[in-house]
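A.B. asks: Sharing a structure with you now.
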Amino acid sequence: MSSTSSPADYGIDAPYVLRNLLIAGTAALLVWLSIAFGFWSGRIGPLRFGPTGFLIMAIFFFASSAGMLWSSKIGKVREREKLLSKISWRGDEQVLDVGCGRGLLLIGAAKRLTTGTATGVDIWQTEDLSGNKPEATLENARRENVAERVKIETADMRKLPFANASFDVVISRAAIHNLYAAGDRTAAIREIARVLKPGGLALIDDIRHFRQYAAIFTENGCDVRRINSAAVSMFWTILTFGSLHPATLLVRKSPDHQKS
Ligand SMILES: C[S@@+](CC[C@H](N)C(=O)[O-])C[C@H]1O[C@@H](n2cnc3c(N)ncnc32)[C@H](O)[C@@H]1O
């Protein structure tokens, strides 16, 4: 085990996407160099390619890779503090992190607890997060001095192994979009609404599908507020040609909602 002074390591999000961007950037750079320095004419049959487009592509792919790396290593730890500050913590909450990975939000929440417990569930997919495994989450909890307030379980978010109304707060970051079928995402949001106590809060931060999440929460007795900047979200949507549409939802389950 590493020394107690090592900082927590929350892994790299979508590591294969990062790898593919680096491969694409390197390929575009090599093509640009070969045309620019006269090793290749840029001709394929009747088509002739100039070097500038490949240079722009290389810059785009490398800049995207750098952005992803910065976000995973620095940005997401800063972002978690901003996110978790949206909740007024008492300290005695039962908290659930859905798709907790290596414990970014789970541990951030545990730091705000005194007598409460933060539980994380995940299926530990390494294509979604580098080094994703329960041991890494527990090691991070130990490094952040909150191991006694953290529990983890291997469980699928579409069928949470908890009784109705078990949690005061449910949090989830960059996890639910990994369910590619709309029906699966609906099941996950219903499960979150089910395990929330009446009056409880959910904080959902994800890179796409927020309209679907909001609709399902509403159908399941919750009041939903989008709390991120719509302009920043639109900027990412334009920059990524529609691939990302990030949003943060603050959800409150109606205090009058039936427990069963
Ligand atoms: C990009 S990672 C984010 C991890 C963590 N929330 C964070 O912010 O660092 C997405 C996580 O969702 C988890 N995940 C994907 N599908 C899941 C499912 N059906 N049930 C539970 N977790 C799932 C992955 O294993 C991974 O840990």
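Chain labels run A, B, ... following the order of the structure tokens; each chain numbers its residues from 1, and ligands are numbered from 1 in the order shown.
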Within 7 Å of ligand 1, which residues show up when you count only C-alpha atoms and all ligand atoms? List them as a PDB file with C-alpha atoms, in the first residue's frame, please.
C.D. replies:
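Here's the written file out.pdb:
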```pdb
ATOM      1  CA  TYR A  10      -9.611   9.564  -8.870  1.00  0.00           C
ATOM      2  CA  ASP A  13     -12.560   9.420 -17.156  1.00  0.00           C
ATOM      3  CA  ALA A  14     -13.211   7.538 -20.425  1.00  0.00           C
ATOM      4  CA  VAL A  98     -24.506   6.052  -7.912  1.00  0.00           C
ATOM      5  CA  GLY A  99     -21.624   4.964 -10.183  1.00  0.00           C
ATOM      6  CA  CYS A 100     -19.107   6.140  -7.572  1.00  0.00           C
ATOM      7  CA  GLY A 101     -16.006   4.911  -9.437  1.00  0.00           C
ATOM      8  CA  ARG A 102     -12.892   5.691  -7.412  1.00  0.00           C
ATOM      9  CA  GLY A 103     -14.920   7.804  -4.993  1.00  0.00           C
ATOM     10  CA  LEU A 104     -14.714  11.404  -6.218  1.00  0.00           C
ATOM     11  CA  LEU A 105     -18.149  12.533  -4.950  1.00  0.00           C
ATOM     12  CA  VAL A 121     -22.331   1.566  -5.746  1.00  0.00           C
ATOM     13  CA  ASP A 122     -20.619   0.660  -8.982  1.00  0.00           C
ATOM     14  CA  ILE A 123     -19.949  -2.174 -11.415  1.00  0.00           C
ATOM     15  CA  TRP A 124     -16.321  -1.018 -11.800  1.00  0.00           C
ATOM     16  CA  GLN A 125     -16.043  -0.680 -15.599  1.00  0.00           C
ATOM     17  CA  THR A 126     -12.474   0.208 -16.573  1.00  0.00           C
ATOM     18  CA  ASP A 128     -15.406   4.354 -18.043  1.00  0.00           C
ATOM     19  CA  LEU A 129     -12.634   5.142 -15.538  1.00  0.00           C
ATOM     20  CA  ASN A 132     -11.671   1.369 -11.559  1.00  0.00           C
ATOM     21  CA  ALA A 155     -24.357  -3.122  -7.700  1.00  0.00           C
ATOM     22  CA  ASP A 156     -26.004  -2.075 -10.948  1.00  0.00           C
ATOM     23  CA  MET A 157     -27.720   1.313 -10.823  1.00  0.00           C
ATOM     24  CA  ARG A 158     -30.709  -0.164 -12.702  1.00  0.00           C
ATOM     25  CA  SER A 172     -24.080  10.876  -9.192  1.00  0.00           C
ATOM     26  CA  ARG A 173     -21.475  12.317 -11.560  1.00  0.00           C
ATOM     27  CA  ALA A 174     -20.711  11.256 -15.141  1.00  0.00           C
ATOM     28  CA  ALA A 175     -22.236   7.822 -14.588  1.00  0.00           C
ATOM     29  CA  ILE A 176     -25.826   7.429 -15.813  1.00  0.00           C
ATOM     30  CA  ASN A 178     -22.966   5.106 -19.560  1.00  0.00           C
ATOM     31  CA  LEU A 179     -26.297   3.291 -19.898  1.00  0.00           C
TER      32      LEU A 179
END
```
A.B. asks: DSSP says strand (DSSP E or B) for which residues of stretch 16-223 of chain A? Put them as a ChimeraX atom specification?
C.D. replies: /A:43-44,47-48,94-98,117-122,129,150-154,167-173,196-206,222-223
A.B. asks: Quick one: pick out all helix (DSSP H, G or I) residues within stretch 24-257 of chain A from a backbone DSSP run and write them as an MDAnalysis selection string.
C.D. replies: chainID A and resid 24:36 52:84 104:110 134:143 147:149 176:178 182:195 210:219 230:239
A.B. asks: Which residue out of A:Asp184, A:Glu148, A:Glu135, A:Glu191 has the minimum interatomic distance to A:Asn164 when only C-alpha atoms are used?
C.D. replies: A:Glu191
A.B. asks: If you count only C-alpha atoms, which residues fall within 6 Å of A:Leu203, apart from same-chain ones fewer than 2 positions away, as a compact mmCIF listing (two decimals) with N, CA and C atoms, in the first residue's frame?
C.D. replies:
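Full text of selection.txt as output:
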```txt
# COMPACT_ATOMS: atom_id res chain seq x y z
N ILE A 171 -26.19 11.18 -4.90
CA ILE A 171 -25.34 11.97 -5.79
C ILE A 171 -24.86 11.07 -6.93
N LEU A 249 -28.48 18.66 -12.21
CA LEU A 249 -29.86 18.73 -11.72
C LEU A 249 -29.88 18.61 -10.20
N LEU A 250 -30.63 19.51 -9.57
CA LEU A 250 -30.87 19.39 -8.13
C LEU A 250 -32.33 18.98 -7.98
```
A.B. asks: Pick from A:Ser233, A:Thr240, A:Asn20, A:Ser254: nearest to A:Gly221, with only C-alpha atoms counted?
C.D. replies: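 Among A:Ser233, A:Thr240, A:Asn20, A:Ser254, it is A:Ser254 that comes nearest to A:Gly221.
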A.B. asks: Within 8 Å of A:Ala28, counting only C-alpha atoms, which residues qualify if same-chain residues fewer than 3 places away don't, as JSON, numbers by chain?
C.D. replies: {"A": [24, 25, 31, 32, 54, 55, 57, 58]}
A.B. asks: Compare A:Phe217, A:Phe62, A:Phe162, A:Phe241 by their minimum atom-to-atom distance to A:Ile204, counting only C-alpha atoms, and give me the closest one.
C.D. replies: A:Phe217
A.B. asks: Pick from A:Leu96, A:Leu244, A:Glu127, A:Lys86: nearest to A:Arg225, with only C-alpha atoms counted?
C.D. replies: A:Lys86
A.B. asks: So that I can check the surroundings of A:Trp40, please list as a count of residues only every protein, DNA and RNA residue that reaches within 12 Å of it, counting only C-alpha atoms and ignoring chain neighbours fewer than 3 positions away.
C.D. replies: 14
A.B. asks: So which one's closest to A:Ser65, A:Arg208, A:Arg78, A:Arg19, A:Arg190? Using only C-alpha atoms, please.
C.D. replies: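 Looking only at the distances to A:Ser65, the closest residue turns out to be A:Arg19.
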A.B. asks: At a cut-off of 7 Å, using only C-alpha atoms, what residues contact stretch 211-215 of chain A? Leave out same-chain residues fewer than 2 positions from it and give the result as a PyMOL selection string.
C.D. replies: chain A and resi 189+209+217-219+224
